[in-house]
>>> print(open('start.cif').read())   # mmCIF, C-alpha atoms and all ligand atoms
data_run
#
loop_
_atom_site.label_atom_id
_atom_site.label_comp_id
_atom_site.auth_asym_id
_atom_site.auth_seq_id
_atom_site.Cartn_x
_atom_site.Cartn_y
_atom_site.Cartn_z
CA MET A 28 104.51 146.05 92.68
CA LYS A 29 103.10 145.82 96.21
CA LYS A 30 99.85 144.35 94.81
CA ILE A 31 101.71 141.63 92.90
CA PHE A 32 103.72 140.78 96.00
CA PHE A 33 100.56 140.47 98.14
CA ALA A 34 98.81 138.43 95.43
CA ILE A 35 101.72 135.95 95.31
CA ALA A 36 101.89 135.82 99.12
CA ALA A 37 98.11 135.21 99.35
CA LEU A 38 98.35 132.45 96.74
CA PHE A 39 101.22 130.83 98.60
CA PHE A 40 99.45 130.84 101.96
CA ALA A 41 96.19 129.65 100.37
CA ALA A 42 98.10 126.69 98.94
CA LEU A 43 99.71 126.03 102.28
CA PHE A 44 96.69 126.26 104.57
CA ALA A 45 93.76 125.38 102.33
CA PRO A 46 91.71 122.29 103.39
CA ALA A 47 93.51 119.01 102.94
CA ALA A 48 93.10 117.11 99.71
CA GLN A 49 91.45 113.68 100.00
CA GLU A 50 93.37 110.84 101.64
CA VAL A 51 95.55 109.15 99.05
CA PRO A 52 94.95 105.40 98.77
CA PHE A 53 97.93 103.37 99.96
CA ALA A 54 98.32 101.53 96.66
CA SER A 55 98.68 104.76 94.73
CA ARG A 56 101.29 106.39 96.94
CA PRO A 57 104.56 107.29 95.22
CA PRO A 58 107.29 104.66 94.93
CA LYS A 59 109.35 103.92 98.02
CA MET A 60 112.63 105.81 98.20
CA SER A 61 116.09 104.60 98.98
CA PRO A 62 117.97 106.08 101.94
CA GLY A 63 119.43 109.47 101.14
CA GLN A 64 117.45 109.84 97.89
CA LYS A 65 116.28 113.40 97.36
CA ILE A 66 112.54 114.05 97.46
CA ASP A 67 111.15 114.68 93.96
CA TRP A 68 108.77 117.63 94.22
CA ASP A 69 107.22 117.10 90.78
CA PHE A 70 103.82 115.65 91.63
CA THR A 71 102.19 116.16 88.21
CA ASN A 72 100.91 112.57 88.13
CA TRP A 73 99.92 112.49 91.78
CA PRO A 74 96.55 110.78 92.20
CA GLY A 75 95.32 113.00 95.04
CA ARG A 76 93.10 116.04 94.41
CA PRO A 77 95.46 118.97 93.81
CA LEU A 78 94.13 122.42 94.60
CA PRO A 79 94.25 124.83 91.66
CA CYS A 80 96.61 127.25 93.39
CA SER A 81 98.84 124.46 94.71
CA ARG A 82 99.12 123.01 91.21
CA ALA A 83 100.13 126.45 89.93
CA LEU A 84 102.85 126.54 92.56
CA GLY A 85 103.89 122.93 91.89
CA ILE A 86 102.82 121.84 95.38
CA ASN A 87 100.28 119.13 96.05
CA LEU A 88 98.80 119.39 99.51
CA SER A 89 98.01 115.70 99.88
CA SER A 90 101.60 114.94 98.95
CA ARG A 91 102.79 117.27 101.67
CA ILE A 92 100.66 115.45 104.23
CA TYR A 93 102.04 112.12 103.08
CA LEU A 94 105.60 113.36 103.43
CA TYR A 95 104.82 114.71 106.91
CA LYS A 96 103.36 111.38 108.04
CA LYS A 97 106.19 109.32 106.59
CA PRO A 98 109.24 111.54 106.49
CA PHE A 99 111.70 108.64 106.37
CA SER A 100 113.28 107.26 103.21
CA ARG A 101 112.83 103.63 102.25
CA GLU A 102 114.43 101.14 99.97
CA ASN A 103 112.64 100.53 96.72
CA THR A 104 111.18 97.13 97.54
CA SER A 105 108.09 95.07 96.92
CA MET A 106 108.31 93.35 100.31
CA LYS A 107 105.14 92.49 102.17
CA THR A 108 104.74 94.89 105.09
CA ILE A 109 103.52 93.60 108.43
CA ALA A 110 102.41 94.98 111.79
CA ILE A 111 102.55 92.76 114.86
CA VAL A 112 100.35 93.73 117.81
CA THR A 113 100.11 91.72 121.02
CA GLY A 114 96.90 91.89 123.05
CA ALA A 115 95.18 93.08 119.89
CA ALA A 116 91.72 91.74 120.63
CA GLY A 117 90.48 94.39 123.03
CA GLY A 118 91.10 97.56 125.02
CA LEU A 119 94.07 99.65 123.96
CA GLY A 120 95.40 97.01 121.55
CA LYS A 121 92.25 97.07 119.41
CA GLU A 122 92.34 100.87 119.17
CA ILE A 123 95.99 100.76 118.12
CA VAL A 124 95.16 98.15 115.47
CA LYS A 125 92.50 100.46 113.97
CA ARG A 126 95.03 103.27 113.66
CA ILE A 127 97.96 101.41 112.12
CA ILE A 128 96.26 98.83 109.91
CA ASP A 129 96.37 101.09 106.84
CA ASP A 130 100.16 101.33 107.09
CA VAL A 131 100.70 97.67 106.22
CA ASP A 132 99.69 94.80 103.96
CA GLU A 133 99.00 92.44 106.88
CA LEU A 134 98.43 92.85 110.60
CA TRP A 135 99.29 89.91 112.84
CA ALA A 136 97.00 90.14 115.84
CA ILE A 137 98.28 88.18 118.83
CA GLY A 138 96.17 87.06 121.78
CA ARG A 139 95.18 84.00 123.76
CA ASN A 140 91.62 83.82 122.55
CA LEU A 141 91.00 83.01 118.89
CA SER A 142 87.30 83.91 118.92
CA LYS A 143 88.10 87.41 120.31
CA LEU A 144 90.71 87.89 117.56
CA GLU A 145 88.25 86.68 114.91
CA SER A 146 85.61 89.07 116.18
CA ILE A 147 87.89 92.12 115.85
CA LYS A 148 88.74 90.92 112.33
CA ALA A 149 85.00 90.79 111.54
CA GLU A 150 84.35 94.12 113.26
CA LEU A 151 86.90 95.95 111.14
CA ALA A 152 85.09 94.77 107.98
CA VAL A 153 87.15 95.71 104.90
CA GLN A 154 90.29 96.57 106.87
CA GLY A 155 89.88 93.32 108.84
CA ALA A 156 90.71 91.35 105.71
CA LYS A 157 94.31 92.18 106.47
CA ILE A 158 94.18 90.78 110.01
CA VAL A 159 95.89 87.46 110.64
CA PRO A 160 94.84 86.14 114.07
CA ILE A 161 97.64 84.36 115.91
CA THR A 162 96.90 82.60 119.18
CA MET A 163 99.78 82.77 121.59
CA ASP A 164 99.97 82.78 125.37
CA LEU A 165 102.84 85.19 125.92
CA SER A 166 103.40 83.84 129.42
CA ASP A 167 104.63 80.66 127.71
CA THR A 168 108.04 81.47 126.24
CA LYS A 169 107.89 78.39 123.98
CA SER A 170 105.06 80.07 122.07
CA TYR A 171 107.55 82.65 120.75
CA ASP A 172 109.10 79.92 118.58
CA SER A 173 105.91 79.72 116.52
CA LEU A 174 106.20 83.44 115.73
CA SER A 175 109.85 83.04 114.77
CA ALA A 176 108.95 80.08 112.56
CA LYS A 177 106.14 82.00 110.85
CA LEU A 178 108.48 84.92 110.14
CA THR A 179 111.18 82.62 108.80
CA ALA A 180 108.64 80.90 106.53
CA GLU A 181 107.31 84.21 105.21
CA SER A 182 110.76 85.76 104.79
CA SER A 183 111.47 83.76 101.63
CA GLN A 184 108.88 86.02 99.90
CA GLY A 185 110.40 89.13 101.49
CA ILE A 186 108.80 90.78 104.52
CA GLU A 187 109.26 93.96 106.48
CA ILE A 188 107.85 94.50 109.97
CA ARG A 189 106.72 98.10 109.96
CA TRP A 190 105.12 98.07 113.42
CA LEU A 191 105.82 95.96 116.49
CA VAL A 192 103.45 96.83 119.31
CA ASN A 193 104.11 95.06 122.60
CA ASN A 194 100.81 95.79 124.29
CA ALA A 195 99.57 92.62 126.01
CA GLY A 196 99.32 92.95 129.75
CA ALA A 197 97.36 92.11 132.86
CA GLY A 198 97.48 92.89 136.55
CA ARG A 199 95.50 93.25 139.73
CA PHE A 200 95.43 95.18 142.97
CA GLY A 201 96.51 93.45 146.18
CA PRO A 202 99.28 92.96 148.71
CA SER A 203 102.33 91.34 147.10
CA CYS A 204 102.39 88.44 149.56
CA GLY A 205 99.01 87.35 148.22
CA PHE A 206 100.43 86.55 144.77
CA SER A 207 101.23 82.93 143.91
CA THR A 208 104.55 82.01 142.32
CA GLN A 209 102.61 81.17 139.15
CA GLU A 210 101.02 84.63 139.07
CA ILE A 211 104.37 86.35 139.62
CA SER A 212 105.95 84.30 136.88
CA THR A 213 103.08 84.95 134.42
CA SER A 214 103.29 88.68 135.03
CA VAL A 215 107.07 88.90 134.70
CA ILE A 216 107.15 86.76 131.55
CA CYS A 217 104.23 88.54 129.88
CA HIS A 218 105.37 92.09 130.73
CA CYS A 219 109.16 91.76 130.66
CA ILE A 220 110.37 88.68 128.81
CA ALA A 221 107.77 88.80 126.02
CA PRO A 222 108.44 92.40 124.85
CA ALA A 223 112.22 91.92 125.01
CA ALA A 224 112.07 88.58 123.19
CA LEU A 225 109.62 89.83 120.54
CA CYS A 226 111.85 92.85 119.89
CA ASN A 227 114.78 90.52 119.26
CA ILE A 228 112.70 88.24 117.05
CA CYS A 229 111.33 91.14 114.98
CA ILE A 230 114.25 93.60 114.71
CA PRO A 231 116.03 91.57 111.99
CA TYR A 232 112.95 92.17 109.78
CA MET A 233 112.80 95.91 110.49
CA LYS A 234 114.30 98.82 108.58
CA ARG A 235 114.84 102.56 108.86
CA GLY A 236 111.57 104.26 109.80
CA ASP A 237 109.88 101.13 111.17
CA ILE A 238 108.43 101.42 114.65
CA ILE A 239 108.62 99.54 117.94
CA MET A 240 106.02 100.68 120.45
CA ASN A 241 106.16 99.14 123.92
CA ILE A 242 103.24 99.80 126.23
CA ALA A 243 104.50 100.50 129.74
CA SER A 244 102.45 102.63 132.14
CA GLN A 245 102.57 105.74 134.29
CA SER A 246 103.18 103.27 137.11
CA ALA A 247 106.65 102.67 135.63
CA PHE A 248 107.93 105.83 137.32
CA LEU A 249 107.26 105.03 140.98
CA PRO A 250 107.34 101.97 143.26
CA LEU A 251 103.63 101.44 143.94
CA PRO A 252 102.50 99.32 146.90
CA PHE A 253 99.46 97.12 146.17
CA ILE A 254 100.13 97.13 142.44
CA ASN A 255 103.74 96.40 143.22
CA LEU A 256 104.34 93.57 140.77
CA TYR A 257 102.55 95.34 137.92
CA ALA A 258 104.38 98.64 138.48
CA ALA A 259 107.77 96.93 138.85
CA THR A 260 107.34 95.05 135.56
CA LYS A 261 106.24 98.25 133.82
CA SER A 262 109.44 99.94 135.11
CA PHE A 263 111.30 97.21 133.27
CA VAL A 264 109.36 97.91 130.05
CA TYR A 265 110.08 101.63 130.28
CA SER A 266 113.76 101.23 131.07
CA TYR A 267 114.30 98.51 128.46
CA THR A 268 112.54 100.52 125.77
CA ARG A 269 114.47 103.73 126.41
CA ALA A 270 117.79 101.89 126.30
CA LEU A 271 116.82 99.91 123.20
CA ARG A 272 115.95 103.15 121.45
CA GLN A 273 119.50 104.34 121.93
CA GLU A 274 120.97 101.02 120.78
CA LEU A 275 118.91 101.14 117.57
CA LYS A 276 119.59 104.82 116.85
CA ASP A 277 121.91 104.17 113.91
CA SER A 278 119.49 101.68 112.34
CA GLY A 279 116.78 104.37 112.09
CA ILE A 280 114.21 102.13 113.81
CA LYS A 281 111.95 104.28 115.98
CA VAL A 282 111.35 103.07 119.53
CA THR A 283 108.68 104.58 121.77
CA ALA A 284 107.74 103.83 125.36
CA VAL A 285 104.05 104.51 125.98
CA CYS A 286 103.29 105.42 129.60
CA PRO A 287 99.59 106.18 129.97
CA GLY A 288 97.68 106.82 133.18
CA TRP A 289 94.45 104.90 133.92
CA ILE A 290 92.55 103.73 130.83
CA GLN A 291 88.91 102.67 130.70
CA THR A 292 89.42 99.01 129.68
CA ASN A 293 88.78 95.52 131.06
CA LEU A 294 92.10 95.66 132.88
CA ILE A 295 90.72 97.85 135.65
CA VAL A 296 87.93 96.91 138.03
CA ASP A 297 84.85 98.95 138.96
CA SER A 298 84.87 98.14 142.65
CA LEU A 299 87.29 96.85 145.26
CA ASN A 300 86.76 95.99 148.89
CA GLY A 301 83.09 96.98 148.51
CA GLN A 302 84.00 100.47 147.28
CA LYS A 303 83.50 101.96 143.83
CA VAL A 304 86.99 102.78 142.61
CA LYS A 305 87.75 106.31 141.45
CA TYR A 306 90.52 106.48 138.86
CA PRO A 307 91.95 110.01 138.68
CA LEU A 308 92.61 111.38 135.17
CA ILE A 309 91.19 108.23 133.54
CA ASP A 310 91.17 108.35 129.73
CA THR A 311 89.57 106.37 126.91
CA ALA A 312 91.50 103.73 124.97
CA GLN A 313 90.76 105.72 121.80
CA ASN A 314 92.51 108.86 123.09
CA VAL A 315 95.49 106.94 124.43
CA ALA A 316 95.91 104.98 121.18
CA LYS A 317 95.60 108.13 119.06
CA LYS A 318 98.30 109.95 121.02
CA ALA A 319 100.57 106.90 121.23
CA VAL A 320 100.43 106.19 117.48
CA ARG A 321 101.00 109.86 116.67
CA ASP A 322 103.99 110.10 119.01
CA ALA A 323 105.46 106.83 117.75
CA ARG A 324 105.17 108.00 114.13
CA LYS A 325 107.01 111.17 115.10
CA GLY A 326 109.72 109.01 116.67
CA LYS A 327 109.22 110.30 120.21
CA ALA A 328 110.99 108.45 123.00
CA LEU A 329 108.06 108.72 125.39
CA SER A 330 104.31 109.03 124.94
CA ILE A 331 102.09 110.15 127.81
CA ASN A 332 98.40 110.46 127.01
CA SER A 333 97.49 113.79 128.62
CA LEU A 334 98.88 116.93 130.19
CA GLY A 335 97.36 115.94 133.53
CA VAL A 336 99.18 112.59 133.57
CA SER A 337 102.41 114.28 132.43
CA PHE A 338 102.12 116.76 135.27
CA VAL A 339 101.48 114.11 137.94
CA THR A 340 104.42 112.09 136.59
CA TRP A 341 106.65 115.15 136.72
CA LEU A 342 105.48 115.89 140.27
CA GLN A 343 106.16 112.29 141.40
CA GLN A 344 109.67 112.51 140.03
CA HIS A 345 110.44 115.84 141.68
CA MET A 346 109.13 115.23 145.19
CA PRO A 347 110.86 112.95 147.70
CA GLN A 348 110.07 109.40 146.57
CA SER A 349 108.90 108.27 150.03
CA LEU A 350 106.40 111.17 150.09
CA ALA A 351 105.08 110.23 146.62
CA ILE A 352 104.69 106.58 147.69
CA ASN A 353 102.87 107.61 150.89
CA CYS A 354 100.49 109.83 148.91
CA TRP A 355 99.66 106.86 146.68
CA VAL A 356 99.05 104.58 149.68
CA LEU A 357 96.78 107.18 151.28
CA MET A 358 94.79 107.37 148.05
CA ILE A 359 94.21 103.65 147.60
CA LYS A 360 94.23 102.34 151.19
CA LYS A 361 90.44 102.10 151.38
CA TYR A 362 90.35 99.70 148.41
CA ILE A 363 92.68 97.15 149.98
CA LYS A 364 91.31 94.40 152.24
CA LYS A 365 93.01 94.26 155.63
N1 LIG B 401 93.95 99.95 131.61
C1 LIG B 401 94.84 100.74 132.22
O1 LIG B 401 94.49 101.49 133.14
C2 LIG B 401 96.27 100.78 131.74
C3 LIG B 401 97.08 101.84 132.14
C4 LIG B 401 98.39 101.89 131.71
C5 LIG B 401 98.88 100.89 130.89
N2 LIG B 401 98.08 99.86 130.50
C6 LIG B 401 98.67 98.82 129.66
O2 LIG B 401 97.99 98.80 128.43
C7 LIG B 401 98.12 97.51 127.83
C8 LIG B 401 96.78 97.06 127.31
O3 LIG B 401 95.92 96.85 128.41
P1 LIG B 401 94.37 97.20 128.36
O4 LIG B 401 94.14 98.26 129.34
O5 LIG B 401 93.92 97.38 126.96
O6 LIG B 401 93.76 95.87 129.00
P2 LIG B 401 92.86 94.72 128.34
O7 LIG B 401 91.66 95.31 127.70
O8 LIG B 401 92.65 93.73 129.42
O9 LIG B 401 93.80 94.13 127.21
C9 LIG B 401 94.92 93.36 127.53
C10 LIG B 401 95.21 92.47 126.34
O10 LIG B 401 96.37 91.70 126.64
C11 LIG B 401 96.14 90.37 126.23
N3 LIG B 401 96.86 89.46 127.09
C12 LIG B 401 96.91 89.44 128.43
N4 LIG B 401 97.68 88.45 128.86
C13 LIG B 401 98.15 87.81 127.75
C14 LIG B 401 98.99 86.70 127.53
N5 LIG B 401 99.53 86.01 128.55
N6 LIG B 401 99.25 86.31 126.26
C15 LIG B 401 98.71 86.99 125.22
N7 LIG B 401 97.91 88.06 125.36
C16 LIG B 401 97.63 88.45 126.62
C17 LIG B 401 94.64 90.15 126.35
O11 LIG B 401 94.25 89.28 125.32
P3 LIG B 401 93.47 87.91 125.57
O12 LIG B 401 92.79 88.01 126.90
O13 LIG B 401 92.58 87.78 124.42
O14 LIG B 401 94.56 86.91 125.56
C18 LIG B 401 94.07 91.53 126.05
O15 LIG B 401 93.72 91.66 124.69
C19 LIG B 401 98.71 96.61 128.92
O16 LIG B 401 100.08 96.44 128.71
C20 LIG B 401 98.48 97.41 130.19
O17 LIG B 401 99.43 97.10 131.18
C21 LIG B 401 96.77 99.78 130.91
#
>>> encode(input="start.cif", output="structure tokens")
Amino acid sequence: MKKIFFAIAALFFAALFAPAAQEVPFASRPPKMSPGQKIDWDFTNWPGRPLPCSRALGINLSSRIYLYKKPFSRENTSMKTIAIVTGAAGGLGKEIVKRIIDDVDELWAIGRNLSKLESIKAELAVQGAKIVPITMDLSDTKSYDSLSAKLTAESSQGIEIRWLVNNAGAGRFGPSCGFSTQEISTSVICHCIAPAALCNICIPYMKRGDIIMNIASQSAFLPLPFINLYAATKSFVYSYTRALRQELKDSGIKVTAVCPGWIQTNLIVDSLNGQKVKYPLIDTAQNVAKKAVRDARKGKALSINSLGVSFVTWLQQHMPQSLAINCWVLMIKKYIKK
């Protein structure tokens, strides 16, 4: 009796923890489900590679992985699925594109520079066929109308926005009084108005389980002299995103604020004021994108790229704010021209 029990237990755990079956092609995934529909565990015709023991138990491991990745129910629809990513041509945006492109039929890549967008399309070879480059300067609010118009035109065929990633951003070090009105306006529009407006433009095309990911920054949590404007606008992104998440709770749309520390991209400079800049806890765009996409899929409210950055953020929030600000100034003082 004991032997039979152990044999069954061993079989069960082998089925559960054995190596994953091959990735199931998107086109051959099971039909979309309507909200509340019960999951059908009969995967006899499943196209993945079932393991012998899992078949015996009626479990297909690849199916389990699929259900883990996409635990939400969907309406049975043949709508075209779309991802919209701003600042998609380089840095963090490009890494996010690589990780979400398989979730959708088309990925609308937004940026100011068409040749950069075309080159990421070419770089992603087969996957790149899905990329639709859209040139937009997000600091020009009129450009949002072209996105609205494109969505309206496409909506007659039926579309669903599965991902909206508000990632575009720019900034520089320096005393606030050195910023022109134009620069202030560009930064505020690009970081604050654009994400809020794009959310409003896209939400009507989103459904339960679709994802909004707004890229803020670790700088959102503290007033930071000498990247004052940048940090203040990122505070807006963080606050707006957290509140929007709550507003959209009943709709089932997932909303994540991504607050990474320093990332090795073109946004940061190598030297300032004749000094090579040291960026503590700097991470690669690949790592940040991987963590952000994973957290957003899980429906987390906040994504921070590493334990180190999480700890520093926690520390900043639990020490007197003036002390935290002074520590920051001490750290970066040497990089700022007097
Ligand atoms: N690097 C960091 O240390 C760091 C840390 C925390 C958060 N972040 C955030 O991460 C996001 C991505 O930045 P990144 O580090 O990947 O920098 P990046 O390599 O410079 O990428 C920024 C992207 O934003 C686009 N962009 C900038 N201004 C735009 C505008 N007005 N209209 C349309 N697109 C615009 C750029 O595209 P085009 O130039 O082609 O238009 C570029 O593709 C930003 O929101 C940034 O604030 C960065």
>>> residues_near_ligand(input="start.cif", ligand="ligand LIG 401 (chain B)", cutoff="9 Å", atoms="all atoms listed in the file", output="PyMOL selection string")
chain A and resi 113-122+137-144+162-167+193-198+213-214+216-218+221+241-246+257-258+261+285-295+306+309-310+312
>>> write_last_selection(input="start.cif", atoms="C-alpha atoms", output="tab-separated table (two decimals), in the coordinates of the input")
chain	number	residue	atom	x	y	z
A	113	THR	CA	100.11	91.72	121.02
A	114	GLY	CA	96.90	91.89	123.05
A	115	ALA	CA	95.18	93.08	119.89
A	116	ALA	CA	91.72	91.74	120.63
A	117	GLY	CA	90.48	94.39	123.03
A	118	GLY	CA	91.10	97.56	125.02
A	119	LEU	CA	94.07	99.65	123.96
A	120	GLY	CA	95.40	97.01	121.55
A	121	LYS	CA	92.25	97.07	119.41
A	122	GLU	CA	92.34	100.87	119.17
A	137	ILE	CA	98.28	88.18	118.83
A	138	GLY	CA	96.17	87.06	121.78
A	139	ARG	CA	95.18	84.00	123.76
A	140	ASN	CA	91.62	83.82	122.55
A	141	LEU	CA	91.00	83.01	118.89
A	142	SER	CA	87.30	83.91	118.92
A	143	LYS	CA	88.10	87.41	120.31
A	144	LEU	CA	90.71	87.89	117.56
A	162	THR	CA	96.90	82.60	119.18
A	163	MET	CA	99.78	82.77	121.59
A	164	ASP	CA	99.97	82.78	125.37
A	165	LEU	CA	102.84	85.19	125.92
A	166	SER	CA	103.40	83.84	129.42
A	167	ASP	CA	104.63	80.66	127.71
A	193	ASN	CA	104.11	95.06	122.60
A	194	ASN	CA	100.81	95.79	124.29
A	195	ALA	CA	99.57	92.62	126.01
A	196	GLY	CA	99.32	92.95	129.75
A	197	ALA	CA	97.36	92.11	132.86
A	198	GLY	CA	97.48	92.89	136.55
A	213	THR	CA	103.08	84.95	134.42
A	214	SER	CA	103.29	88.68	135.03
A	216	ILE	CA	107.15	86.76	131.55
A	217	CYS	CA	104.23	88.54	129.88
A	218	HIS	CA	105.37	92.09	130.73
A	221	ALA	CA	107.77	88.80	126.02
A	241	ASN	CA	106.16	99.14	123.92
A	242	ILE	CA	103.24	99.80	126.23
A	243	ALA	CA	104.50	100.50	129.74
A	244	SER	CA	102.45	102.63	132.14
A	245	GLN	CA	102.57	105.74	134.29
A	246	SER	CA	103.18	103.27	137.11
A	257	TYR	CA	102.55	95.34	137.92
A	258	ALA	CA	104.38	98.64	138.48
A	261	LYS	CA	106.24	98.25	133.82
A	285	VAL	CA	104.05	104.51	125.98
A	286	CYS	CA	103.29	105.42	129.60
A	287	PRO	CA	99.59	106.18	129.97
A	288	GLY	CA	97.68	106.82	133.18
A	289	TRP	CA	94.45	104.90	133.92
A	290	ILE	CA	92.55	103.73	130.83
A	291	GLN	CA	88.91	102.67	130.70
A	292	THR	CA	89.42	99.01	129.68
A	293	ASN	CA	88.78	95.52	131.06
A	294	LEU	CA	92.10	95.66	132.88
A	295	ILE	CA	90.72	97.85	135.65
A	306	TYR	CA	90.52	106.48	138.86
A	309	ILE	CA	91.19	108.23	133.54
A	310	ASP	CA	91.17	108.35	129.73
A	312	ALA	CA	91.50	103.73	124.97
>>> residues_around(input="start.cif", residues="A:Ser262", least_positions_apart="2", cutoff="8 Å", atoms="all atoms listed in the file", output="PyMOL selection string")
chain A and resi 243+246-248+258-260+264-266
>>> residues_near_point(input="start.cif", point="(102.7, 102.3, 145.5)", cutoff="8 Å", atoms="all atoms listed in the file", output="list in words")
Leu249, Pro250, Leu251, Pro252, Phe253, Ile254, Asn255, Ile352, Asn353, Trp355 and Val356 of chain A
>>> closest_residue(input="start.cif", among="A:Tyr362, A:Tyr232, A:Phe200, A:Trp135", to="A:Ile280", atoms="all atoms listed in the file")
A:Tyr232
>>> atom_distance(input="start.cif", atom1="atom CA of A:Ile188", atom2="atom CA of A:Asp132")
10.1 Å
>>> closest_residue(input="start.cif", among="A:Ile239, A:Leu256, A:Ala156, A:Leu308", to="A:Gly326", atoms="all atoms listed in the file")
A:Ile239
>>> atom_distance(input="start.cif", atom1="atom CA of A:Ala270", atom2="atom CA of A:Lys327")
13.5 Å
>>> closest_residue(input="start.cif", among="A:Thr168, A:Asn314, A:Gln344, A:Ser298", to="A:Asn332", atoms="only C-alpha atoms")
A:Asn314
>>> closest_residue(input="start.cif", among="A:Val296, A:Cys229, A:Val192, A:Leu271", to="A:Thr179", atoms="only C-alpha atoms")
A:Cys229
>>> atom_distance(input="start.cif", atom1="atom CA of A:Leu191", atom2="atom CA of A:Ser105")
19.7 Å
>>> residues_around(input="start.cif", residues="A:Glu133", least_positions_apart="5", cutoff="7 Å", atoms="all atoms listed in the file", output="compact mmCIF listing (two decimals) with C-alpha atoms, in the frame of the given file")
# COMPACT_ATOMS: atom_id res chain seq x y z
CA THR A 108 104.74 94.89 105.09
CA ILE A 109 103.52 93.60 108.43
CA ALA A 110 102.41 94.98 111.79
CA LYS A 157 94.31 92.18 106.47
CA ILE A 158 94.18 90.78 110.01
CA VAL A 159 95.89 87.46 110.64
>>> residues_around(input="start.cif", residues="A:Ser182", least_positions_apart="5", cutoff="10 Å", atoms="all atoms listed in the file", output="PyMOL selection string")
chain A and resi 106-107+176-177+187+232
>>> decode(input="start.cif", residues="stretch 314-331 of chain A", atoms="N, CA and C atoms", output="mmCIF file, in the first residue's frame")
data_model
loop_
_atom_site.group_PDB
_atom_site.id
_atom_site.type_symbol
_atom_site.label_atom_id
_atom_site.label_comp_id
_atom_site.auth_asym_id
_atom_site.auth_seq_id
_atom_site.Cartn_x
_atom_site.Cartn_y
_atom_site.Cartn_z
ATOM 1 N N ASN A 314 17.991 43.782 -17.664
ATOM 2 C CA ASN A 314 17.502 43.339 -16.343
ATOM 3 C C ASN A 314 16.266 44.121 -15.915
ATOM 4 N N VAL A 315 16.323 45.438 -16.133
ATOM 5 C CA VAL A 315 15.201 46.281 -15.698
ATOM 6 C C VAL A 315 13.934 45.904 -16.478
ATOM 7 N N ALA A 316 14.101 45.717 -17.795
ATOM 8 C CA ALA A 316 12.935 45.368 -18.633
ATOM 9 C C ALA A 316 12.367 44.009 -18.222
ATOM 10 N N LYS A 317 13.256 43.061 -17.976
ATOM 11 C CA LYS A 317 12.810 41.709 -17.604
ATOM 12 C C LYS A 317 11.958 41.754 -16.334
ATOM 13 N N LYS A 318 12.473 42.464 -15.335
ATOM 14 C CA LYS A 318 11.760 42.540 -14.049
ATOM 15 C C LYS A 318 10.447 43.315 -14.213
ATOM 16 N N ALA A 319 10.503 44.411 -14.973
ATOM 17 C CA ALA A 319 9.311 45.254 -15.137
ATOM 18 C C ALA A 319 8.195 44.479 -15.839
ATOM 19 N N VAL A 320 8.551 43.778 -16.913
ATOM 20 C CA VAL A 320 7.535 43.029 -17.673
ATOM 21 C C VAL A 320 6.961 41.902 -16.813
ATOM 22 N N ARG A 321 7.840 41.249 -16.062
ATOM 23 C CA ARG A 321 7.366 40.157 -15.192
ATOM 24 C C ARG A 321 6.409 40.701 -14.130
ATOM 25 N N ASP A 322 6.782 41.801 -13.501
ATOM 26 C CA ASP A 322 5.939 42.379 -12.451
ATOM 27 C C ASP A 322 4.609 42.876 -13.019
ATOM 28 N N ALA A 323 4.677 43.479 -14.208
ATOM 29 C CA ALA A 323 3.447 44.000 -14.823
ATOM 30 C C ALA A 323 2.504 42.848 -15.172
ATOM 31 N N ARG A 324 3.063 41.758 -15.682
ATOM 32 C CA ARG A 324 2.221 40.592 -16.005
ATOM 33 C C ARG A 324 1.533 40.050 -14.759
ATOM 34 N N LYS A 325 2.276 40.103 -13.646
ATOM 35 C CA LYS A 325 1.697 39.614 -12.373
ATOM 36 C C LYS A 325 0.690 40.611 -11.805
ATOM 37 N N GLY A 326 0.635 41.802 -12.384
ATOM 38 C CA GLY A 326 -0.314 42.814 -11.908
ATOM 39 C C GLY A 326 0.180 43.547 -10.676
ATOM 40 N N LYS A 327 1.520 43.636 -10.509
ATOM 41 C CA LYS A 327 2.038 44.350 -9.336
ATOM 42 C C LYS A 327 1.854 45.859 -9.498
ATOM 43 N N ALA A 328 1.660 46.525 -8.385
ATOM 44 C CA ALA A 328 1.465 47.981 -8.423
ATOM 45 C C ALA A 328 2.781 48.691 -8.719
ATOM 46 N N LEU A 329 3.865 48.128 -8.196
ATOM 47 C CA LEU A 329 5.166 48.797 -8.279
ATOM 48 C C LEU A 329 6.246 47.801 -8.686
ATOM 49 N N SER A 330 7.115 48.219 -9.592
ATOM 50 C CA SER A 330 8.246 47.365 -9.970
ATOM 51 C C SER A 330 9.540 48.123 -9.738
ATOM 52 N N ILE A 331 10.392 47.557 -8.878
ATOM 53 C CA ILE A 331 11.721 48.135 -8.645
ATOM 54 C C ILE A 331 12.720 47.067 -9.061
#
